[in-house]
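Listing of work_15.pdb, PDB, C-alpha atoms, pLDDT in the B column
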ATOM      1  CA  THR B 762     -17.565   9.329   9.781  1.00 34.00           C
ATOM      2  CA  VAL B 763     -13.986   8.275  10.316  1.00 40.00           C
ATOM      3  CA  VAL B 764     -11.786   5.739   8.563  1.00 43.00           C
ATOM      4  CA  CYS B 765     -12.664   2.633  10.575  1.00 47.00           C
ATOM      5  CA  GLU B 766     -11.012  -0.784  10.423  1.00 48.00           C
ATOM      6  CA  LYS B 767     -14.089  -2.454   8.970  1.00 49.00           C
ATOM      7  CA  SER B 768     -14.386  -0.012   6.072  1.00 48.00           C
ATOM      8  CA  LEU B 769     -10.639  -0.063   5.472  1.00 48.00           C
ATOM      9  CA  TYR B 770     -10.677  -3.862   5.297  1.00 49.00           C
ATOM     10  CA  LYS B 771     -13.659  -3.777   2.942  1.00 51.00           C
ATOM     11  CA  VAL B 772     -11.970  -1.367   0.544  1.00 47.00           C
ATOM     12  CA  ALA B 773      -8.589  -3.086   0.825  1.00 47.00           C
ATOM     13  CA  LYS B 774     -10.167  -6.426  -0.028  1.00 50.00           C
ATOM     14  CA  MET B 775     -12.184  -4.907  -2.857  1.00 50.00           C
ATOM     15  CA  HIS B 776      -9.072  -3.407  -4.452  1.00 45.00           C
ATOM     16  CA  ASN B 777      -6.776  -6.285  -3.520  1.00 44.00           C
ATOM     17  CA  PHE B 778      -4.654  -4.046  -1.278  1.00 41.00           C
ATOM     18  CA  SER B 779      -2.925  -5.029   1.942  1.00 38.00           C
ATOM     19  CA  ASP B 780      -5.393  -5.118   4.842  1.00 38.00           C
ATOM     20  CA  PHE B 781      -3.777  -2.514   7.093  1.00 38.00           C
ATOM     21  CA  LEU B 782      -0.825  -0.251   7.303  1.00 38.00           C
ATOM     22  CA  TYR B 783       1.724  -2.036   9.443  1.00 38.00           C
ATOM     23  CA  LEU B 784       5.163  -1.609  10.959  1.00 35.00           C
ATOM     24  CA  GLY B 785       7.875  -4.267  10.962  1.00 36.00           C
ATOM     25  CA  LYS B 786       9.015  -6.041  14.121  1.00 36.00           C
ATOM     26  CA  SER B 787      12.279  -4.110  14.249  1.00 37.00           C
ATOM     27  CA  GLU B 788      10.360  -0.845  14.323  1.00 40.00           C
ATOM     28  CA  ARG B 789       8.176  -1.900  17.255  1.00 40.00           C
ATOM     29  CA  GLN B 790      10.999  -3.492  19.203  1.00 42.00           C
ATOM     30  CA  SER B 791      13.349  -0.555  18.764  1.00 42.00           C
ATOM     31  CA  GLY B 792      10.763   2.007  19.814  1.00 47.00           C
ATOM     32  CA  GLY B 793      10.717   3.582  16.386  1.00 45.00           C
ATOM     33  CA  GLU B 794      14.418   4.072  15.743  1.00 40.00           C
ATOM     34  CA  ASP B 795      14.608   2.002  12.565  1.00 38.00           C
ATOM     35  CA  ARG B 796      12.883   2.808   9.313  1.00 34.00           C
ATOM     36  CA  PRO B 797       9.601   0.877   9.376  1.00 38.00           C
ATOM     37  CA  ALA B 798       8.821  -1.918   6.961  1.00 39.00           C
ATOM     38  CA  ILE B 799       5.855  -0.440   5.170  1.00 40.00           C
ATOM     39  CA  LEU B 800       4.137  -1.457   1.941  1.00 39.00           C
ATOM     40  CA  ALA B 801       3.170   1.070  -0.684  1.00 47.00           C
ATOM     41  CA  ASP B 802      -0.056  -0.899  -1.049  1.00 51.00           C
ATOM     42  CA  SER B 803      -0.917   0.057   2.516  1.00 58.00           C
ATOM     43  CA  VAL B 804      -0.815   3.724   1.552  1.00 66.00           C
ATOM     44  CA  GLU B 805      -3.095   2.910  -1.350  1.00 63.00           C
ATOM     45  CA  ALA B 806      -5.479   1.197   1.072  1.00 63.00           C
ATOM     46  CA  VAL B 807      -5.641   4.344   3.212  1.00 68.00           C
ATOM     47  CA  ILE B 808      -6.360   6.376   0.088  1.00 70.00           C
ATOM     48  CA  ALA B 809      -9.102   3.922  -0.872  1.00 66.00           C
ATOM     49  CA  ALA B 810     -10.586   4.338   2.594  1.00 67.00           C
ATOM     50  CA  ILE B 811     -10.631   8.098   2.039  1.00 70.00           C
ATOM     51  CA  TYR B 812     -12.801   7.427  -1.010  1.00 63.00           C
ATOM     52  CA  LEU B 813     -15.235   5.441   1.092  1.00 65.00           C
ATOM     53  CA  ASP B 814     -15.443   7.533   4.263  1.00 62.00           C
ATOM     54  CA  ALA B 815     -15.414  10.915   2.559  1.00 57.00           C
ATOM     55  CA  GLY B 816     -18.213   9.906   0.221  1.00 61.00           C
ATOM     56  CA  PHE B 817     -15.954  10.053  -2.833  1.00 54.00           C
ATOM     57  CA  GLU B 818     -18.767   9.951  -5.378  1.00 60.00           C
ATOM     58  CA  GLU B 819     -20.279  13.108  -3.884  1.00 69.00           C
ATOM     59  CA  ALA B 820     -17.144  14.855  -2.564  1.00 74.00           C
ATOM     60  CA  LYS B 821     -15.736  17.465  -4.925  1.00 79.00           C
ATOM     61  CA  LYS B 822     -13.247  19.231  -2.643  1.00 90.00           C
ATOM     62  CA  PHE B 823     -11.258  18.470   0.501  1.00 92.00           C
ATOM     63  CA  VAL B 824     -10.672  21.434   2.834  1.00 96.00           C
ATOM     64  CA  LEU B 825      -8.128  21.226   5.643  1.00 97.00           C
ATOM     65  CA  GLY B 826      -5.993  23.377   7.888  1.00 97.00           C
ATOM     66  CA  ILE B 827      -2.298  23.468   7.026  1.00 97.00           C
ATOM     67  CA  SER B 828      -0.081  24.080  10.046  1.00 94.00           C
ATOM     68  CA  GLY B 829       3.182  22.910   8.481  1.00 93.00           C
ATOM     69  CA  GLY B 830       3.311  19.985  10.903  1.00 93.00           C
ATOM     70  CA  LYS B 831       3.386  16.251  10.211  1.00 94.00           C
ATOM     71  CA  ASP B 832      -0.315  15.490  10.417  1.00 94.00           C
ATOM     72  CA  SER B 833      -1.691  18.230   8.204  1.00 96.00           C
ATOM     73  CA  THR B 834       1.121  17.635   5.702  1.00 96.00           C
ATOM     74  CA  ILE B 835       0.484  13.922   5.202  1.00 94.00           C
ATOM     75  CA  ALA B 836      -3.295  14.347   5.373  1.00 94.00           C
ATOM     76  CA  ALA B 837      -3.080  16.902   2.562  1.00 95.00           C
ATOM     77  CA  ALA B 838      -0.729  14.659   0.565  1.00 94.00           C
ATOM     78  CA  LEU B 839      -3.084  11.681   0.878  1.00 90.00           C
ATOM     79  CA  CYS B 840      -6.051  13.826  -0.137  1.00 90.00           C
ATOM     80  CA  VAL B 841      -4.127  14.988  -3.196  1.00 91.00           C
ATOM     81  CA  LYS B 842      -3.463  11.361  -4.122  1.00 86.00           C
ATOM     82  CA  ALA B 843      -7.114  10.485  -3.587  1.00 82.00           C
ATOM     83  CA  LEU B 844      -8.879  13.364  -5.327  1.00 83.00           C
ATOM     84  CA  GLY B 845      -6.197  15.306  -7.216  1.00 88.00           C
ATOM     85  CA  LYS B 846      -4.344  18.482  -6.268  1.00 94.00           C
ATOM     86  CA  GLU B 847      -6.924  20.684  -7.988  1.00 94.00           C
ATOM     87  CA  ASN B 848      -9.544  19.479  -5.501  1.00 92.00           C
ATOM     88  CA  VAL B 849      -7.683  20.115  -2.226  1.00 95.00           C
ATOM     89  CA  VAL B 850      -7.829  23.473  -0.451  1.00 97.00           C
ATOM     90  CA  GLY B 851      -5.336  24.291   2.298  1.00 98.00           C
ATOM     91  CA  VAL B 852      -6.162  26.967   4.857  1.00 98.00           C
ATOM     92  CA  MET B 853      -3.427  28.556   6.983  1.00 97.00           C
ATOM     93  CA  MET B 854      -4.882  30.044  10.161  1.00 97.00           C
ATOM     94  CA  PRO B 855      -2.347  31.868  12.329  1.00 96.00           C
ATOM     95  CA  ASN B 856      -3.477  33.592  15.498  1.00 96.00           C
ATOM     96  CA  GLY B 857      -1.552  36.799  14.990  1.00 95.00           C
ATOM     97  CA  VAL B 858       2.050  35.875  14.144  1.00 93.00           C
ATOM     98  CA  GLN B 859       2.928  32.229  13.458  1.00 93.00           C
ATOM     99  CA  ASN B 860       6.688  31.829  13.479  1.00 91.00           C
ATOM    100  CA  ASP B 861       6.740  28.726  11.299  1.00 91.00           C
ATOM    101  CA  ILE B 862       4.129  29.756   8.737  1.00 94.00           C
ATOM    102  CA  ALA B 863       6.836  29.390   6.083  1.00 95.00           C
ATOM    103  CA  ASP B 864       6.490  25.626   6.585  1.00 95.00           C
ATOM    104  CA  SER B 865       2.764  25.885   5.904  1.00 96.00           C
ATOM    105  CA  LEU B 866       3.456  27.717   2.665  1.00 96.00           C
ATOM    106  CA  ARG B 867       6.112  25.161   1.777  1.00 96.00           C
ATOM    107  CA  VAL B 868       3.604  22.319   2.123  1.00 97.00           C
ATOM    108  CA  CYS B 869       1.029  24.082  -0.050  1.00 97.00           C
ATOM    109  CA  THR B 870       3.648  24.873  -2.682  1.00 97.00           C
ATOM    110  CA  LEU B 871       5.105  21.368  -2.593  1.00 96.00           C
ATOM    111  CA  LEU B 872       1.688  19.780  -3.107  1.00 96.00           C
ATOM    112  CA  ASP B 873       0.672  22.546  -5.537  1.00 97.00           C
ATOM    113  CA  ILE B 874      -2.738  22.996  -3.919  1.00 97.00           C
ATOM    114  CA  GLU B 875      -5.027  25.996  -3.730  1.00 97.00           C
ATOM    115  CA  HIS B 876      -4.422  27.776  -0.444  1.00 98.00           C
ATOM    116  CA  MET B 877      -5.331  30.860   1.536  1.00 98.00           C
ATOM    117  CA  GLU B 878      -4.404  32.537   4.810  1.00 98.00           C
ATOM    118  CA  VAL B 879      -7.124  33.468   7.300  1.00 98.00           C
ATOM    119  CA  ASN B 880      -5.725  35.139  10.397  1.00 98.00           C
ATOM    120  CA  ILE B 881      -8.020  34.416  13.354  1.00 97.00           C
ATOM    121  CA  GLU B 882      -6.496  37.022  15.674  1.00 97.00           C
ATOM    122  CA  ASP B 883      -9.292  39.596  15.310  1.00 97.00           C
ATOM    123  CA  ALA B 884     -11.980  36.970  15.948  1.00 97.00           C
ATOM    124  CA  TYR B 885     -10.071  35.557  18.914  1.00 97.00           C
ATOM    125  CA  GLU B 886      -9.503  38.954  20.531  1.00 95.00           C
ATOM    126  CA  GLY B 887     -13.083  39.991  19.775  1.00 95.00           C
ATOM    127  CA  ILE B 888     -14.515  36.984  21.617  1.00 95.00           C
ATOM    128  CA  LEU B 889     -12.241  37.585  24.612  1.00 94.00           C
ATOM    129  CA  GLU B 890     -13.405  41.188  24.789  1.00 92.00           C
ATOM    130  CA  ALA B 891     -17.069  40.220  24.382  1.00 92.00           C
ATOM    131  CA  ILE B 892     -16.840  37.660  27.204  1.00 91.00           C
ATOM    132  CA  SER B 893     -15.081  40.232  29.372  1.00 90.00           C
ATOM    133  CA  ARG B 894     -17.890  42.723  28.803  1.00 88.00           C
ATOM    134  CA  GLY B 895     -20.382  39.976  29.623  1.00 87.00           C
ATOM    135  CA  LEU B 896     -18.683  39.297  32.949  1.00 84.00           C
ATOM    136  CA  GLY B 897     -18.610  42.988  33.778  1.00 78.00           C
ATOM    137  CA  VAL B 898     -16.610  44.905  36.350  1.00 62.00           C
ATOM    138  CA  LYS B 899     -19.296  44.373  38.984  1.00 59.00           C
ATOM    139  CA  ARG B 900     -18.188  40.764  39.384  1.00 66.00           C
ATOM    140  CA  TYR B 901     -14.516  41.120  38.491  1.00 67.00           C
ATOM    141  CA  ARG B 902     -12.191  44.080  38.802  1.00 71.00           C
ATOM    142  CA  HIS B 903     -10.199  43.047  35.725  1.00 79.00           C
ATOM    143  CA  PRO B 904     -12.453  40.698  33.689  1.00 82.00           C
ATOM    144  CA  TYR B 905     -10.333  40.848  30.514  1.00 82.00           C
ATOM    145  CA  SER B 906      -7.220  39.693  32.352  1.00 87.00           C
ATOM    146  CA  ILE B 907      -9.161  36.840  33.935  1.00 88.00           C
ATOM    147  CA  VAL B 908     -10.567  35.685  30.611  1.00 90.00           C
ATOM    148  CA  ARG B 909      -7.287  36.033  28.721  1.00 90.00           C
ATOM    149  CA  SER B 910      -5.264  34.163  31.345  1.00 91.00           C
ATOM    150  CA  ASN B 911      -7.650  31.202  31.529  1.00 93.00           C
ATOM    151  CA  PRO B 912      -5.666  28.224  30.125  1.00 94.00           C
ATOM    152  CA  MET B 913      -8.760  26.387  28.858  1.00 94.00           C
ATOM    153  CA  ILE B 914      -9.867  29.405  26.855  1.00 95.00           C
ATOM    154  CA  ARG B 915      -6.361  30.233  25.653  1.00 93.00           C
ATOM    155  CA  THR B 916      -5.756  26.672  24.441  1.00 93.00           C
ATOM    156  CA  ASN B 917      -9.130  25.599  23.078  1.00 95.00           C
ATOM    157  CA  LEU B 918     -10.752  28.741  21.681  1.00 97.00           C
ATOM    158  CA  PRO B 919      -8.242  29.133  18.790  1.00 97.00           C
ATOM    159  CA  ALA B 920      -8.754  25.489  17.765  1.00 96.00           C
ATOM    160  CA  ARG B 921     -12.533  25.928  17.695  1.00 97.00           C
ATOM    161  CA  LEU B 922     -12.267  29.159  15.735  1.00 98.00           C
ATOM    162  CA  ARG B 923     -10.062  27.389  13.205  1.00 98.00           C
ATOM    163  CA  MET B 924     -12.560  24.573  12.738  1.00 98.00           C
ATOM    164  CA  SER B 925     -15.372  27.106  12.303  1.00 98.00           C
ATOM    165  CA  THR B 926     -13.206  28.829   9.707  1.00 98.00           C
ATOM    166  CA  LEU B 927     -12.662  25.564   7.813  1.00 98.00           C
ATOM    167  CA  TYR B 928     -16.403  24.921   7.633  1.00 97.00           C
ATOM    168  CA  ALA B 929     -16.999  28.495   6.501  1.00 98.00           C
ATOM    169  CA  VAL B 930     -14.413  28.057   3.735  1.00 98.00           C
ATOM    170  CA  ALA B 931     -15.882  24.661   2.825  1.00 96.00           C
ATOM    171  CA  ALA B 932     -19.282  26.331   2.373  1.00 96.00           C
ATOM    172  CA  LEU B 933     -17.777  28.186  -0.590  1.00 96.00           C
ATOM    173  CA  TYR B 934     -17.091  24.890  -2.369  1.00 94.00           C
ATOM    174  CA  PRO B 935     -20.207  22.768  -3.061  1.00 90.00           C
ATOM    175  CA  ASN B 936     -19.965  19.138  -1.917  1.00 88.00           C
ATOM    176  CA  SER B 937     -16.702  19.680  -0.058  1.00 90.00           C
ATOM    177  CA  ARG B 938     -15.447  17.740   2.975  1.00 90.00           C
ATOM    178  CA  VAL B 939     -13.534  19.111   5.970  1.00 94.00           C
ATOM    179  CA  VAL B 940     -10.601  16.894   6.931  1.00 93.00           C
ATOM    180  CA  ASN B 941      -9.819  15.961  10.545  1.00 94.00           C
ATOM    181  CA  THR B 942      -6.012  15.655  10.759  1.00 94.00           C
ATOM    182  CA  CYS B 943      -5.664  14.106  14.247  1.00 93.00           C
ATOM    183  CA  ASN B 944      -3.659  10.888  14.507  1.00 91.00           C
ATOM    184  CA  LEU B 945      -4.249   7.853  16.725  1.00 88.00           C
ATOM    185  CA  SER B 946      -1.607   8.847  19.290  1.00 89.00           C
ATOM    186  CA  GLU B 947      -3.260  12.236  19.823  1.00 89.00           C
ATOM    187  CA  ASP B 948      -6.728  10.735  20.046  1.00 87.00           C
ATOM    188  CA  TYR B 949      -5.548   8.101  22.522  1.00 85.00           C
ATOM    189  CA  VAL B 950      -4.066  10.583  25.003  1.00 88.00           C
ATOM    190  CA  GLY B 951      -6.712  13.246  24.377  1.00 86.00           C
ATOM    191  CA  TYR B 952      -4.340  15.754  22.775  1.00 88.00           C
ATOM    192  CA  SER B 953      -7.042  17.507  20.788  1.00 89.00           C
ATOM    193  CA  THR B 954      -9.874  19.976  21.284  1.00 93.00           C
ATOM    194  CA  LYS B 955     -13.497  18.868  21.275  1.00 93.00           C
ATOM    195  CA  TYR B 956     -15.301  20.664  18.435  1.00 94.00           C
ATOM    196  CA  GLY B 957     -11.883  22.027  17.412  1.00 95.00           C
ATOM    197  CA  ASP B 958      -9.199  19.985  15.675  1.00 94.00           C
ATOM    198  CA  ALA B 959     -11.029  16.816  16.828  1.00 93.00           C
ATOM    199  CA  ALA B 960     -13.923  17.707  14.499  1.00 94.00           C
ATOM    200  CA  GLY B 961     -14.212  17.176  10.760  1.00 93.00           C
ATOM    201  CA  ASP B 962     -16.140  15.074   8.251  1.00 89.00           C
ATOM    202  CA  PHE B 963     -13.625  12.225   8.113  1.00 86.00           C
ATOM    203  CA  SER B 964     -10.289  11.333   9.672  1.00 87.00           C
ATOM    204  CA  PRO B 965      -7.724   9.602   7.425  1.00 86.00           C
ATOM    205  CA  LEU B 966      -5.086   9.394  10.180  1.00 88.00           C
ATOM    206  CA  CYS B 967      -7.250   8.123  13.029  1.00 84.00           C
ATOM    207  CA  HIS B 968      -5.707   4.633  12.948  1.00 80.00           C
ATOM    208  CA  LEU B 969      -2.104   5.795  12.513  1.00 85.00           C
ATOM    209  CA  THR B 970       0.263   6.394  15.420  1.00 87.00           C
ATOM    210  CA  VAL B 971       2.896   9.126  15.215  1.00 90.00           C
ATOM    211  CA  GLN B 972       5.485   6.582  14.059  1.00 88.00           C
ATOM    212  CA  GLU B 973       3.118   5.317  11.380  1.00 86.00           C
ATOM    213  CA  VAL B 974       2.429   8.881  10.246  1.00 90.00           C
ATOM    214  CA  LYS B 975       6.176   9.328   9.786  1.00 91.00           C
ATOM    215  CA  ALA B 976       6.336   6.048   7.884  1.00 87.00           C
ATOM    216  CA  VAL B 977       3.597   7.127   5.480  1.00 88.00           C
ATOM    217  CA  MET B 978       5.305  10.490   4.954  1.00 91.00           C
ATOM    218  CA  ARG B 979       8.533   8.745   3.994  1.00 89.00           C
ATOM    219  CA  GLU B 980       6.645   6.369   1.720  1.00 85.00           C
ATOM    220  CA  CYS B 981       5.161   9.435   0.009  1.00 88.00           C
ATOM    221  CA  ASN B 982       8.659  10.958  -0.340  1.00 90.00           C
ATOM    222  CA  LEU B 983       7.880  14.046   1.712  1.00 93.00           C
ATOM    223  CA  PRO B 984      10.831  16.145   2.968  1.00 93.00           C
ATOM    224  CA  GLU B 985      12.602  14.678   5.983  1.00 94.00           C
ATOM    225  CA  VAL B 986      12.637  18.094   7.670  1.00 93.00           C
ATOM    226  CA  LEU B 987       8.828  17.928   7.789  1.00 94.00           C
ATOM    227  CA  VAL B 988       8.808  14.270   8.841  1.00 94.00           C
ATOM    228  CA  GLU B 989      10.978  14.997  11.884  1.00 92.00           C
ATOM    229  CA  LYS B 990       9.607  18.432  12.673  1.00 90.00           C
ATOM    230  CA  VAL B 991       9.053  18.933  16.392  1.00 86.00           C
ATOM    231  CA  PRO B 992       5.343  19.638  17.085  1.00 77.00           C
ATOM    232  CA  ILE B 993       4.536  23.203  18.087  1.00 71.00           C
ATOM    233  CA  ASP B 994       1.301  25.066  18.705  1.00 57.00           C
ATOM    234  CA  GLY B 995       0.431  25.782  15.083  1.00 51.00           C
ATOM    235  CA  LEU B 996      -3.148  24.575  14.835  1.00 45.00           C
ATOM    236  CA  CYS B 997      -3.797  23.552  18.426  1.00 36.00           C
TER     237      CYS B 997
END
Structure rendered as structure tokens:
Amino acid sequence: TVVCEKSLYKVAKMHNFSDFLYLGKSERQSGGEDRPAILADSVEAVIAAIYLDAGFEEAKKFVLGISGGKDSTIAAALCVKALGKENVVGVMMPNGVQNDIADSLRVCTLLDIEHMEVNIEDAYEGILEAISRGLGVKRYRHPYSIVRSNPMIRTNLPARLRMSTLYAVAALYPNSRVVNTCNLSEDYVGYSTKYGDAAGDFSPLCHLTVQEVKAVMRECNLPEVLVEKVPIDGLC
């Protein structure tokens, strides 16, 4: 399940928190230039919703991919607040060389969470080669080049391999939950991969726009360099 408005309201009311995370008028009118007016209680309400939607009584670990970007950073931080740093596992999943993997390590170190690196390059290349062999030279003169140059495969296969990796890692931790780190802005425009980064057991950011994600990061005192980091193809 995902963090829905009804469950968030229920938990917020139960714990006497603010109903929803909100931005002040100046933030909306200025297009996000001013620092938003955001209540700390709203962050607590999101954390309470994590308890509800992740099945807190049963959940023992949260497992999520750490790209070093805004979404995975704040999702990990909120999970740490909800369940404790000892119960959050960050997985870095470069496809070969990831130029900004230092940011991923920085996030894991900053939050002091258990982490590991699983490079998906061999799996990615292996699938491309297997598909190429399946196509065969009888149909295509250069099947590997055709497969490798296909933009749908090149964009979506890594994301699906990463989600498979997260579930494989989660299987090592009984009663763990895989975290979907997509935000509302990405979901709205379709900037995610079906069965890839759009998958997961629950989605703590699904009702937060990019500006609201930044607001929560600042409320949680995360480094400004991570708050304003330009998105790149780390986990997509």
task = Extract, using all atoms listed in the file, all DNA, RNA and protein residues at most 12 Å from region 982-994 of chain B, discarding same-chain residues fewer than 2 positions from it, and format them as a ChimeraX atom specification.
result = /B:801,828-839,854-856,858-865,867-868,871-872,915-917,919-920,947,952-953,971-980,996-997
inquiry  = Can you measure CA of Ile808 (chain B) to CA of Met924 (chain B) for me? One decimal in Å is fine.
reply    = 23.0 Å
request  = Name the residues that the PyMOL selection byres ((chain B and resi 874) around 8) pulls out of this structure, and write them as a PyMOL selection string.
outcome  = chain B and resi 846-851+869-870+872-873+875-876
ask   = Separation of CA of Pro935 (chain B) and CA of Lys822 (chain B), in Å?
value =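 Result for CA of Pro935 (chain B) versus CA of Lys822 (chain B): 7.8 Å, one decimal.
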key: Point (-18.2, 22.9, -2.5) neighbourhood (10 Å, all atoms listed in the file) written as a list in words   = Ala820, Lys821, Lys822, Phe823, Val824, Asn848, Val930, Ala931, Ala932, Leu933, Tyr934, Pro935, Asn936, Ser937 and Arg938 of chain B
message = Suppose a student applies the PyMOL selection byres ((chain B and resi 949) around 12) to this structure; what residues should they get, written as a count of residues only?
response = 16
Around region 976-979 of chain B, fit a box with edges along x, y and z, padding it by 3 Å on each side, then list its centre and edge lengths in Å to one decimal as AutoDock Vina command-line options.
--center_x 6.1 --center_y 8.3 --center_z 5.9 --size_x 10.9 --size_y 10.4 --size_z 9.9
Restricted to N, CA and C atoms, what does region 871-893 of chain B look like when written out as a short mmCIF file (atom, residue, chain, number, x, y, z; two decimals), in the first residue's frame?
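Contents of the output file decode04.cif:
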data_model
loop_
_atom_site.label_atom_id
_atom_site.label_comp_id
_atom_site.auth_asym_id
_atom_site.auth_seq_id
_atom_site.Cartn_x
_atom_site.Cartn_y
_atom_site.Cartn_z
N LEU B 871 25.93 9.79 6.88
CA LEU B 871 25.23 10.84 7.62
C LEU B 871 24.12 10.26 8.49
N LEU B 872 23.37 9.31 7.93
CA LEU B 872 22.25 8.71 8.66
C LEU B 872 22.71 7.54 9.53
N ASP B 873 23.98 7.12 9.33
CA ASP B 873 24.56 6.03 10.11
C ASP B 873 23.75 4.74 9.98
N ILE B 874 23.42 4.40 8.72
CA ILE B 874 22.63 3.19 8.48
C ILE B 874 23.50 2.09 7.86
N GLU B 875 23.07 0.87 8.04
CA GLU B 875 23.73 -0.26 7.38
C GLU B 875 23.58 -0.07 5.88
N HIS B 876 24.66 -0.34 5.14
CA HIS B 876 24.58 -0.14 3.69
C HIS B 876 25.48 -1.12 2.96
N MET B 877 25.20 -1.30 1.70
CA MET B 877 25.99 -2.19 0.85
C MET B 877 25.96 -1.67 -0.58
N GLU B 878 26.92 -2.09 -1.37
CA GLU B 878 26.94 -1.75 -2.79
C GLU B 878 26.75 -3.02 -3.61
N VAL B 879 25.79 -3.01 -4.51
CA VAL B 879 25.53 -4.12 -5.41
C VAL B 879 25.56 -3.57 -6.83
N ASN B 880 26.64 -3.84 -7.54
CA ASN B 880 26.77 -3.32 -8.90
C ASN B 880 25.97 -4.21 -9.85
N ILE B 881 25.04 -3.61 -10.59
CA ILE B 881 24.14 -4.40 -11.44
C ILE B 881 24.68 -4.57 -12.87
N GLU B 882 25.89 -4.10 -13.12
CA GLU B 882 26.41 -4.10 -14.49
C GLU B 882 26.44 -5.50 -15.10
N ASP B 883 26.94 -6.48 -14.36
CA ASP B 883 27.04 -7.84 -14.92
C ASP B 883 25.66 -8.39 -15.26
N ALA B 884 24.69 -8.16 -14.39
CA ALA B 884 23.32 -8.64 -14.65
C ALA B 884 22.73 -7.92 -15.86
N TYR B 885 22.94 -6.62 -15.94
CA TYR B 885 22.42 -5.82 -17.05
C TYR B 885 23.01 -6.29 -18.38
N GLU B 886 24.33 -6.41 -18.43
CA GLU B 886 24.99 -6.85 -19.66
C GLU B 886 24.61 -8.28 -20.01
N GLY B 887 24.46 -9.13 -18.99
CA GLY B 887 24.08 -10.51 -19.22
C GLY B 887 22.71 -10.65 -19.86
N ILE B 888 21.76 -9.83 -19.42
CA ILE B 888 20.41 -9.87 -20.00
C ILE B 888 20.44 -9.36 -21.44
N LEU B 889 21.20 -8.29 -21.70
CA LEU B 889 21.31 -7.79 -23.07
C LEU B 889 21.87 -8.86 -24.00
N GLU B 890 22.89 -9.56 -23.53
CA GLU B 890 23.49 -10.60 -24.35
C GLU B 890 22.53 -11.77 -24.56
N ALA B 891 21.80 -12.13 -23.51
CA ALA B 891 20.85 -13.25 -23.61
C ALA B 891 19.72 -12.92 -24.59
N ILE B 892 19.22 -11.68 -24.54
CA ILE B 892 18.17 -11.28 -25.48
C ILE B 892 18.72 -11.28 -26.91
N SER B 893 19.95 -10.81 -27.05
CA SER B 893 20.58 -10.78 -28.38
C SER B 893 20.70 -12.18 -28.96
#
